[in-house]
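For reference, run_10.txt is printed below; it contains compact mmCIF, C-alpha atoms.
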# COMPACT_ATOMS: atom_id res chain seq x y z
CA MET A 687 0.00 0.00 0.00
CA ILE A 688 1.42 3.34 -1.15
CA LYS A 689 0.03 6.77 -0.31
CA ILE A 690 0.94 10.43 -0.55
CA THR A 691 -1.24 12.50 1.70
CA ASP A 692 -1.70 16.03 2.99
CA GLN A 693 -3.22 14.65 6.20
CA PRO A 694 -1.28 13.55 9.32
CA ILE A 695 -0.06 9.96 8.98
CA ASN A 696 -1.58 7.42 11.33
CA ILE A 697 1.48 5.29 12.18
CA SER A 698 -0.55 2.34 13.54
CA GLU A 699 -2.53 2.21 10.32
CA VAL A 700 0.66 1.86 8.25
CA ILE A 701 2.03 -0.84 10.58
CA GLU A 702 -1.26 -2.73 10.43
CA LEU A 703 -1.12 -2.68 6.61
CA ALA A 704 2.20 -4.54 6.79
CA ASN A 705 0.96 -7.20 9.20
CA ALA A 706 0.67 -10.69 7.69
CA ASP A 707 0.17 -14.22 8.96
CA GLY A 708 3.52 -15.26 7.50
CA ALA A 709 5.38 -12.39 9.13
CA GLY A 710 7.61 -12.87 12.15
CA ALA A 711 8.86 -9.30 12.05
CA ILE A 712 7.68 -5.86 11.01
CA ASP A 713 10.34 -3.20 10.69
CA VAL A 714 9.15 0.40 10.76
CA PHE A 715 10.94 3.56 9.67
CA ILE A 716 9.45 6.88 10.77
CA GLY A 717 10.93 10.07 9.36
CA THR A 718 10.16 13.17 11.44
CA VAL A 719 10.71 16.91 11.11
CA ARG A 720 13.91 17.98 12.90
CA ASN A 721 14.26 21.46 14.40
CA LYS A 722 17.63 22.29 12.88
CA THR A 723 19.91 21.81 9.90
CA GLN A 724 23.56 22.30 10.70
CA GLU A 725 23.33 25.33 12.96
CA LYS A 726 20.16 26.88 11.56
CA GLN A 727 16.88 26.73 13.46
CA VAL A 728 14.16 25.23 11.27
CA THR A 729 10.61 26.43 11.93
CA GLN A 730 8.75 24.21 9.45
CA LEU A 731 9.16 22.03 6.37
CA GLU A 732 7.23 22.18 3.15
CA PHE A 733 6.94 19.05 1.00
CA GLU A 734 6.00 19.17 -2.65
CA ALA A 735 5.36 16.02 -4.70
CA TYR A 736 4.98 15.16 -8.37
CA GLU A 737 2.28 12.89 -7.14
CA GLY A 738 1.59 10.55 -10.06
CA MET A 739 5.25 9.84 -10.62
CA ALA A 740 6.04 9.68 -6.90
CA VAL A 741 3.47 6.92 -6.45
CA LYS A 742 4.93 5.03 -9.41
CA GLU A 743 8.48 5.32 -8.04
CA LEU A 744 7.32 4.18 -4.59
CA GLU A 745 5.62 1.18 -6.21
CA LYS A 746 8.91 0.35 -7.93
CA ILE A 747 10.66 0.44 -4.55
CA ALA A 748 8.06 -1.93 -3.07
CA LYS A 749 8.42 -4.29 -6.03
CA SER A 750 12.20 -4.14 -5.88
CA ALA A 751 12.21 -4.86 -2.11
CA LYS A 752 9.99 -7.88 -2.76
CA SER A 753 12.41 -9.18 -5.37
CA LYS A 754 15.43 -8.83 -3.05
CA TRP A 755 13.97 -10.04 0.28
CA PRO A 756 11.13 -12.39 1.25
CA VAL A 757 8.79 -9.47 1.93
CA GLU A 758 5.27 -10.39 3.05
CA LYS A 759 3.90 -6.87 2.86
CA ILE A 760 5.21 -3.34 2.55
CA ALA A 761 3.42 -0.05 3.15
CA ILE A 762 4.82 3.44 2.46
CA TYR A 763 3.04 6.69 3.37
CA HIS A 764 4.57 10.10 2.62
CA ARG A 765 3.25 13.51 3.65
CA LYS A 766 3.05 16.58 1.47
CA GLY A 767 2.29 20.18 2.36
CA ILE A 768 3.46 22.13 5.40
CA LEU A 769 4.79 20.18 8.41
CA GLU A 770 5.70 21.48 11.84
CA ILE A 771 8.63 20.32 14.00
CA GLY A 772 8.09 16.79 15.31
CA GLU A 773 5.48 15.85 12.73
CA VAL A 774 5.79 12.59 10.81
CA ALA A 775 6.89 13.04 7.18
CA VAL A 776 7.23 9.41 6.10
CA VAL A 777 6.40 5.95 7.45
CA ILE A 778 7.64 2.70 5.94
CA ALA A 779 6.57 -0.66 7.36
CA VAL A 780 7.96 -3.94 6.01
CA SER A 781 7.10 -7.43 7.15
CA THR A 782 9.16 -10.56 6.54
CA PRO A 783 9.30 -14.01 8.15
CA HIS A 784 12.53 -13.12 10.05
CA ARG A 785 13.86 -9.81 11.41
CA LYS A 786 17.13 -9.47 9.50
CA ASP A 787 15.35 -9.26 6.17
CA ALA A 788 12.83 -6.74 7.54
CA PHE A 789 15.63 -4.42 8.76
CA GLU A 790 17.47 -4.65 5.43
CA ALA A 791 14.40 -4.22 3.23
CA CYS A 792 13.22 -1.22 5.26
CA GLN A 793 16.61 0.48 5.05
CA PHE A 794 16.71 -0.19 1.31
CA ALA A 795 13.25 1.37 0.94
CA ILE A 796 14.05 4.64 2.74
CA ASP A 797 17.52 4.96 1.13
CA THR A 798 16.05 4.45 -2.36
CA LEU A 799 13.13 6.79 -1.64
CA LYS A 800 15.57 9.58 -0.89
CA GLU A 801 17.36 9.00 -4.20
CA THR A 802 14.58 8.43 -6.69
CA VAL A 803 11.14 9.58 -5.56
CA PRO A 804 10.13 13.01 -6.95
CA ILE A 805 9.34 14.73 -3.66
CA TRP A 806 11.00 17.99 -2.61
CA LYS A 807 11.54 19.45 0.82
CA LYS A 808 11.90 23.13 1.60
CA GLU A 809 13.27 24.13 4.99
CA VAL A 810 11.86 27.32 6.40
CA PHE A 811 14.14 29.16 8.87
CA GLU A 812 13.80 32.34 10.85
CA GLY A 813 14.15 34.88 8.06
CA GLY A 814 14.74 32.55 5.12
CA GLU A 815 14.05 29.31 3.31
CA GLU A 816 15.93 26.77 1.22
CA TRP A 817 15.13 23.77 -1.01
CA VAL A 818 17.10 20.86 0.47
CA SER A 819 19.95 19.47 -1.71
CA ALA A 820 19.10 21.81 -4.60
CA HIS A 821 22.58 23.32 -4.82
CA PRO A 822 26.00 21.64 -4.66
CA MET B 235 6.57 22.18 -31.85
CA LYS B 236 4.81 23.43 -28.75
CA ILE B 237 5.32 21.47 -25.56
CA ASN B 238 3.89 21.73 -22.08
CA ILE B 239 6.30 21.51 -19.16
CA LEU B 240 5.63 20.84 -15.48
CA ALA B 241 8.06 22.18 -12.90
CA PHE B 242 8.41 21.27 -9.23
CA GLY B 243 10.29 22.47 -6.17
CA ILE B 244 13.09 24.89 -6.91
CA ALA B 245 12.50 24.47 -10.67
CA ARG B 246 8.97 25.80 -10.21
CA GLU B 247 10.34 28.79 -8.31
CA ILE B 248 13.02 29.48 -10.94
CA MET B 249 10.41 29.53 -13.70
CA GLY B 250 7.85 31.35 -11.64
CA LYS B 251 5.06 28.87 -12.29
CA GLN B 252 4.15 25.18 -12.19
CA GLU B 253 3.24 24.81 -15.81
CA PHE B 254 4.31 26.60 -18.96
CA THR B 255 4.54 26.20 -22.72
CA LEU B 256 7.74 26.22 -24.76
CA ASP B 257 8.32 26.16 -28.49
CA ILE B 258 11.15 23.75 -29.36
CA PRO B 259 12.42 22.26 -32.64
CA SER B 260 10.71 18.98 -33.53
CA GLN B 261 12.76 15.83 -32.77
CA SER B 262 14.46 17.59 -29.87
CA LYS B 263 15.96 15.24 -27.31
CA VAL B 264 15.89 15.45 -23.53
CA GLN B 265 19.46 16.80 -23.46
CA ASP B 266 18.47 19.53 -25.98
CA LEU B 267 15.54 20.59 -23.84
CA LEU B 268 17.74 20.82 -20.72
CA MET B 269 20.15 23.04 -22.66
CA MET B 270 17.31 25.30 -23.86
CA LEU B 271 16.01 25.59 -20.31
CA GLU B 272 19.48 26.52 -19.02
CA ASN B 273 19.74 29.23 -21.66
CA GLN B 274 16.34 30.63 -20.88
CA PHE B 275 16.66 30.30 -17.09
CA PRO B 276 20.39 30.60 -16.17
CA LYS B 277 19.67 29.72 -12.52
CA PHE B 278 19.22 26.10 -13.66
CA LYS B 279 22.98 25.95 -14.13
CA ASP B 280 23.46 26.37 -10.37
CA LEU B 281 21.46 23.26 -9.43
CA ALA B 282 23.30 20.18 -8.11
CA SER B 283 21.51 18.10 -10.76
CA LYS B 284 18.43 18.14 -12.92
CA THR B 285 16.67 15.72 -15.19
CA ILE B 286 13.52 15.40 -17.23
CA ALA B 287 10.77 12.86 -16.70
CA LEU B 288 8.53 11.88 -19.59
CA ASN B 289 5.12 10.43 -18.83
CA GLU B 290 6.07 10.01 -15.16
CA GLU B 291 9.21 7.99 -15.90
CA TYR B 292 12.92 8.83 -15.78
CA VAL B 293 14.34 8.64 -19.31
CA LYS B 294 17.73 8.68 -21.00
CA MET B 295 19.24 11.94 -22.22
CA ASP B 296 18.99 10.91 -25.87
CA ARG B 297 15.28 10.13 -25.73
CA GLU B 298 13.34 12.13 -28.32
CA ILE B 299 10.51 14.31 -27.03
CA ASN B 300 7.03 13.99 -28.48
CA PRO B 301 4.65 16.92 -28.20
CA ASN B 302 2.07 14.79 -26.40
CA ASP B 303 4.51 13.51 -23.73
CA GLU B 304 3.87 14.70 -20.19
CA ILE B 305 7.14 16.55 -19.58
CA ALA B 306 8.40 17.39 -16.09
CA ILE B 307 11.60 19.02 -14.84
CA ILE B 308 13.00 17.13 -11.86
CA PRO B 309 15.46 19.12 -9.70
CA PRO B 310 17.43 17.23 -6.98
CA VAL B 311 14.88 15.21 -4.99
CA SER B 312 14.80 15.47 -1.20
CA GLY B 313 11.92 13.39 0.12
CA GLY B 314 11.92 11.35 3.31
Rewritten as structure tokens:
Amino acid sequence: MIKITDQPINISEVIELANADGAGAIDVFIGTVRNKTQEKQVTQLEFEAYEGMAVKELEKIAKSAKSKWPVEKIAIYHRKGILEIGEVAVVIAVSTPHRKDAFEACQFAIDTLKETVPIWKKEVFEGGEEWVSAHP
Amino acid sequence: MKINILAFGIAREIMGKQEFTLDIPSQSKVQDLLMMLENQFPKFKDLASKTIALNEEYVKMDREINPNDEIAIIPPVSGG
């Protein structure tokens, strides 16, 4: 199950989507909004998504995880819009029969998401803002 | 040929809007379009990377653009 939403993510709902009778482990990654980047105080984050393509790329990640590990189920929810400090930006839940595979598949999913999925994050500071990773 | 381009994140801010129309030579390739965009909007040259997606898929630089493709400029992604 893949979703991009402008509503707060219900973490239990995402975990429940990954639960399966054949699963002995569910690994969960929760990405949250941090209050600073290097030494700058962040006041909020703004996420923008190319939604159709982002969903397709997330589906590719799910498919790829299933081809590399014995994944029972995988669920990925990503927020868009304006997020305050401490809010949940992304939740990934992966179930597998044994824990090692769940850890690895979950790490693969978040690492790949950050490289390929067309979602952009703007950090808003006191008196300024900046698109993350835009410039070298 | 006239094409429609979608822009996101910093690319949207550089161009001043999410969607705009550009007139490009027919049989232009992705790499040609990126060059034209850099000429028209020099701030694109400062980005860490940029690519073009056609019909919601990443494509190679030598892919030819069709006027009915959904064309999007993808600046460096930063989800998660």
Find the nearest atom pair between each residue of chain B and chain A for residues within 12 Å, count only C-alpha atoms, give distances in Å to one decimal, sort rows by chain and ascending number, and present the table as a Markdown table.
| residue | atom | partner | partner_atom | distance |
| --- | --- | --- | --- | --- |
| B:Leu240 | CA | A:Tyr736 | CA | 9.1 |
| B:Ala241 | CA | A:Tyr736 | CA | 8.9 |
| B:Phe242 | CA | A:Tyr736 | CA | 7.1 |
| B:Gly243 | CA | A:Trp806 | CA | 5.8 |
| B:Ile244 | CA | A:Trp817 | CA | 6.3 |
| B:Ala245 | CA | A:Ala820 | CA | 9.4 |
| B:Arg246 | CA | A:Glu734 | CA | 10.5 |
| B:Glu247 | CA | A:Trp817 | CA | 10.1 |
| B:Ile248 | CA | A:Trp817 | CA | 11.6 |
| B:Gln252 | CA | A:Tyr736 | CA | 10.8 |
| B:Lys277 | CA | A:His821 | CA | 10.4 |
| B:Phe278 | CA | A:His821 | CA | 9.9 |
| B:Lys279 | CA | A:His821 | CA | 9.7 |
| B:Asp280 | CA | A:His821 | CA | 6.4 |
| B:Leu281 | CA | A:His821 | CA | 4.7 |
| B:Ala282 | CA | A:His821 | CA | 4.6 |
| B:Ser283 | CA | A:Ala820 | CA | 7.6 |
| B:Lys284 | CA | A:Ala820 | CA | 9.1 |
| B:Thr285 | CA | A:Pro804 | CA | 10.9 |
| B:Ile286 | CA | A:Pro804 | CA | 11.1 |
| B:Ala287 | CA | A:Met739 | CA | 8.7 |
| B:Leu288 | CA | A:Met739 | CA | 9.8 |
| B:Asn289 | CA | A:Met739 | CA | 8.2 |
| B:Glu290 | CA | A:Met739 | CA | 4.6 |
| B:Glu291 | CA | A:Met739 | CA | 6.9 |
| B:Tyr292 | CA | A:Thr802 | CA | 9.2 |
| B:Glu304 | CA | A:Met739 | CA | 10.8 |
| B:Ile305 | CA | A:Met739 | CA | 11.4 |
| B:Ala306 | CA | A:Tyr736 | CA | 8.7 |
| B:Ile307 | CA | A:Pro804 | CA | 10.0 |
| B:Ile308 | CA | A:Pro804 | CA | 7.0 |
| B:Pro309 | CA | A:Ala820 | CA | 6.8 |
| B:Pro310 | CA | A:Ala820 | CA | 5.4 |
| B:Val311 | CA | A:Trp806 | CA | 5.3 |
| B:Ser312 | CA | A:Trp806 | CA | 4.8 |
| B:Gly313 | CA | A:Ile805 | CA | 4.8 |
| B:Gly314 | CA | A:Val776 | CA | 5.8 |
How many Å separate atom CA of A:Glu699 from atom CA of A:Arg785?
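Taking atom CA of A:Glu699 as the start and atom CA of A:Arg785 as the end point, the length is 20.4 Å.
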Adding 4 Å on each side of the box along x, y and z that holds all listed atoms of stretch 285-303 of chain B, could you give its centre and edge lengths in Å to one decimal, as lines of an AutoDock Vina configuration file?
center_x = 10.7
center_y = 12.5
center_z = -21.8
size_x = 25.2
size_y = 16.9
size_z = 21.3
Which value, in Å to one decimal, gives the distance between atom CA of A:Ala711 and atom CA of A:Pro783?
6.1 Å
Using only C-alpha atoms, which residues sit within 8 Å of B:Met295 once same-chain residues fewer than 3 positions away are excluded, as an mmCIF file with C-alpha atoms, keeping the file's coordinate frame?
data_model
loop_
_atom_site.group_PDB
_atom_site.id
_atom_site.type_symbol
_atom_site.label_atom_id
_atom_site.label_comp_id
_atom_site.auth_asym_id
_atom_site.auth_seq_id
_atom_site.Cartn_x
_atom_site.Cartn_y
_atom_site.Cartn_z
ATOM 1 C CA LYS B 263 15.960 15.240 -27.310
ATOM 2 C CA VAL B 264 15.890 15.450 -23.530
ATOM 3 C CA GLN B 265 19.460 16.800 -23.460
#
Between atom CA of B:Thr255 and atom CA of B:Arg297, what is the distance, to one decimal in Å?
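Between atom CA of B:Thr255 and atom CA of B:Arg297 the gap works out to 19.6 Å.
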Env of A:Ile712: 8 Å cut, atoms = only C-alpha atoms, seq-sep filter 3 positions within chain, self excluded. Answer as a list of chain:residue names.
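Counting only the stated atoms, we get A:Ile701, A:Ala704, A:Asn705, A:Ala709, A:Ala779, A:Val780, A:Ser781, A:Thr782, A:Arg785, A:Ala788.
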Repaired coordinates for stretch 731-742 of chain A (all heavy atoms) as an mmCIF file, in the frame of the given file:
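Writing done, so here's selection.cif:
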data_model
loop_
_atom_site.group_PDB
_atom_site.id
_atom_site.type_symbol
_atom_site.label_atom_id
_atom_site.label_comp_id
_atom_site.auth_asym_id
_atom_site.auth_seq_id
_atom_site.Cartn_x
_atom_site.Cartn_y
_atom_site.Cartn_z
ATOM 1 N N LEU A 731 8.759 22.595 7.658
ATOM 2 C CA LEU A 731 9.160 22.030 6.370
ATOM 3 C C LEU A 731 7.960 22.058 5.443
ATOM 4 O O LEU A 731 6.815 21.920 5.881
ATOM 5 C CB LEU A 731 9.582 20.567 6.523
ATOM 6 C CG LEU A 731 10.898 20.234 7.176
ATOM 7 C CD1 LEU A 731 11.165 18.746 7.015
ATOM 8 C CD2 LEU A 731 12.043 21.015 6.570
ATOM 9 N N GLU A 732 8.294 22.210 4.152
ATOM 10 C CA GLU A 732 7.230 22.180 3.150
ATOM 11 C C GLU A 732 7.578 21.100 2.135
ATOM 12 O O GLU A 732 8.663 21.127 1.557
ATOM 13 C CB GLU A 732 7.191 23.554 2.494
ATOM 14 C CG GLU A 732 5.910 23.855 1.775
ATOM 15 C CD GLU A 732 5.965 25.261 1.174
ATOM 16 O OE1 GLU A 732 6.434 26.182 1.863
ATOM 17 O OE2 GLU A 732 5.563 25.393 0.012
ATOM 18 N N PHE A 733 6.697 20.127 1.963
ATOM 19 C CA PHE A 733 6.940 19.050 1.000
ATOM 20 C C PHE A 733 6.076 19.248 -0.232
ATOM 21 O O PHE A 733 4.874 19.507 -0.124
ATOM 22 C CB PHE A 733 6.607 17.694 1.612
ATOM 23 C CG PHE A 733 7.627 17.188 2.576
ATOM 24 C CD1 PHE A 733 7.501 17.418 3.936
ATOM 25 C CD2 PHE A 733 8.721 16.462 2.128
ATOM 26 C CE1 PHE A 733 8.447 16.942 4.828
ATOM 27 C CE2 PHE A 733 9.667 15.973 3.022
ATOM 28 C CZ PHE A 733 9.523 16.223 4.368
ATOM 29 N N GLU A 734 6.720 19.086 -1.386
ATOM 30 C CA GLU A 734 6.000 19.170 -2.650
ATOM 31 C C GLU A 734 6.237 17.853 -3.391
ATOM 32 O O GLU A 734 7.348 17.334 -3.382
ATOM 33 C CB GLU A 734 6.560 20.346 -3.452
ATOM 34 C CG GLU A 734 5.885 20.575 -4.793
ATOM 35 C CD GLU A 734 6.374 21.878 -5.442
ATOM 36 O OE1 GLU A 734 6.757 22.829 -4.715
ATOM 37 O OE2 GLU A 734 6.367 21.935 -6.677
ATOM 38 N N ALA A 735 5.207 17.309 -4.012
ATOM 39 C CA ALA A 735 5.360 16.020 -4.700
ATOM 40 C C ALA A 735 4.846 16.115 -6.134
ATOM 41 O O ALA A 735 3.880 16.817 -6.412
ATOM 42 C CB ALA A 735 4.575 14.938 -3.963
ATOM 43 N N TYR A 736 5.517 15.418 -7.031
ATOM 44 C CA TYR A 736 4.980 15.160 -8.370
ATOM 45 C C TYR A 736 4.229 13.850 -8.182
ATOM 46 O O TYR A 736 4.792 12.760 -8.320
ATOM 47 C CB TYR A 736 6.136 15.027 -9.357
ATOM 48 C CG TYR A 736 5.774 14.747 -10.789
ATOM 49 C CD1 TYR A 736 4.479 14.884 -11.287
ATOM 50 C CD2 TYR A 736 6.761 14.361 -11.689
ATOM 51 C CE1 TYR A 736 4.178 14.631 -12.618
ATOM 52 C CE2 TYR A 736 6.491 14.118 -13.019
ATOM 53 C CZ TYR A 736 5.197 14.248 -13.479
ATOM 54 O OH TYR A 736 4.911 13.990 -14.791
ATOM 55 N N GLU A 737 2.975 13.994 -7.798
ATOM 56 C CA GLU A 737 2.280 12.890 -7.140
ATOM 57 C C GLU A 737 2.173 11.616 -7.977
ATOM 58 O O GLU A 737 2.468 10.523 -7.493
ATOM 59 C CB GLU A 737 0.897 13.361 -6.686
ATOM 60 C CG GLU A 737 0.379 12.522 -5.560
ATOM 61 C CD GLU A 737 -0.718 13.196 -4.762
ATOM 62 O OE1 GLU A 737 -0.693 14.434 -4.613
ATOM 63 O OE2 GLU A 737 -1.611 12.471 -4.307
ATOM 64 N N GLY A 738 1.741 11.749 -9.227
ATOM 65 C CA GLY A 738 1.590 10.550 -10.060
ATOM 66 C C GLY A 738 2.885 9.774 -10.180
ATOM 67 O O GLY A 738 2.937 8.557 -9.988
ATOM 68 N N MET A 739 3.959 10.498 -10.450
ATOM 69 C CA MET A 739 5.250 9.840 -10.620
ATOM 70 C C MET A 739 5.794 9.338 -9.285
ATOM 71 O O MET A 739 6.402 8.266 -9.223
ATOM 72 C CB MET A 739 6.246 10.808 -11.262
ATOM 73 C CG MET A 739 7.591 10.170 -11.527
ATOM 74 S SD MET A 739 8.689 11.276 -12.440
ATOM 75 C CE MET A 739 10.200 10.291 -12.411
ATOM 76 N N ALA A 740 5.557 10.101 -8.218
ATOM 77 C CA ALA A 740 6.040 9.680 -6.900
ATOM 78 C C ALA A 740 5.420 8.335 -6.504
ATOM 79 O O ALA A 740 6.102 7.437 -6.007
ATOM 80 C CB ALA A 740 5.735 10.748 -5.855
ATOM 81 N N VAL A 741 4.123 8.188 -6.762
ATOM 82 C CA VAL A 741 3.470 6.920 -6.450
ATOM 83 C C VAL A 741 4.079 5.790 -7.269
ATOM 84 O O VAL A 741 4.383 4.713 -6.747
ATOM 85 C CB VAL A 741 1.935 7.022 -6.686
ATOM 86 C CG1 VAL A 741 1.282 5.654 -6.655
ATOM 87 C CG2 VAL A 741 1.300 7.944 -5.653
ATOM 88 N N LYS A 742 4.313 6.064 -8.561
ATOM 89 C CA LYS A 742 4.930 5.030 -9.410
ATOM 90 C C LYS A 742 6.315 4.627 -8.907
ATOM 91 O O LYS A 742 6.664 3.448 -8.895
ATOM 92 C CB LYS A 742 5.078 5.552 -10.846
ATOM 93 C CG LYS A 742 3.817 5.476 -11.660
ATOM 94 C CD LYS A 742 4.143 5.804 -13.113
ATOM 95 C CE LYS A 742 2.862 5.902 -13.935
ATOM 96 N NZ LYS A 742 3.144 6.385 -15.300
#
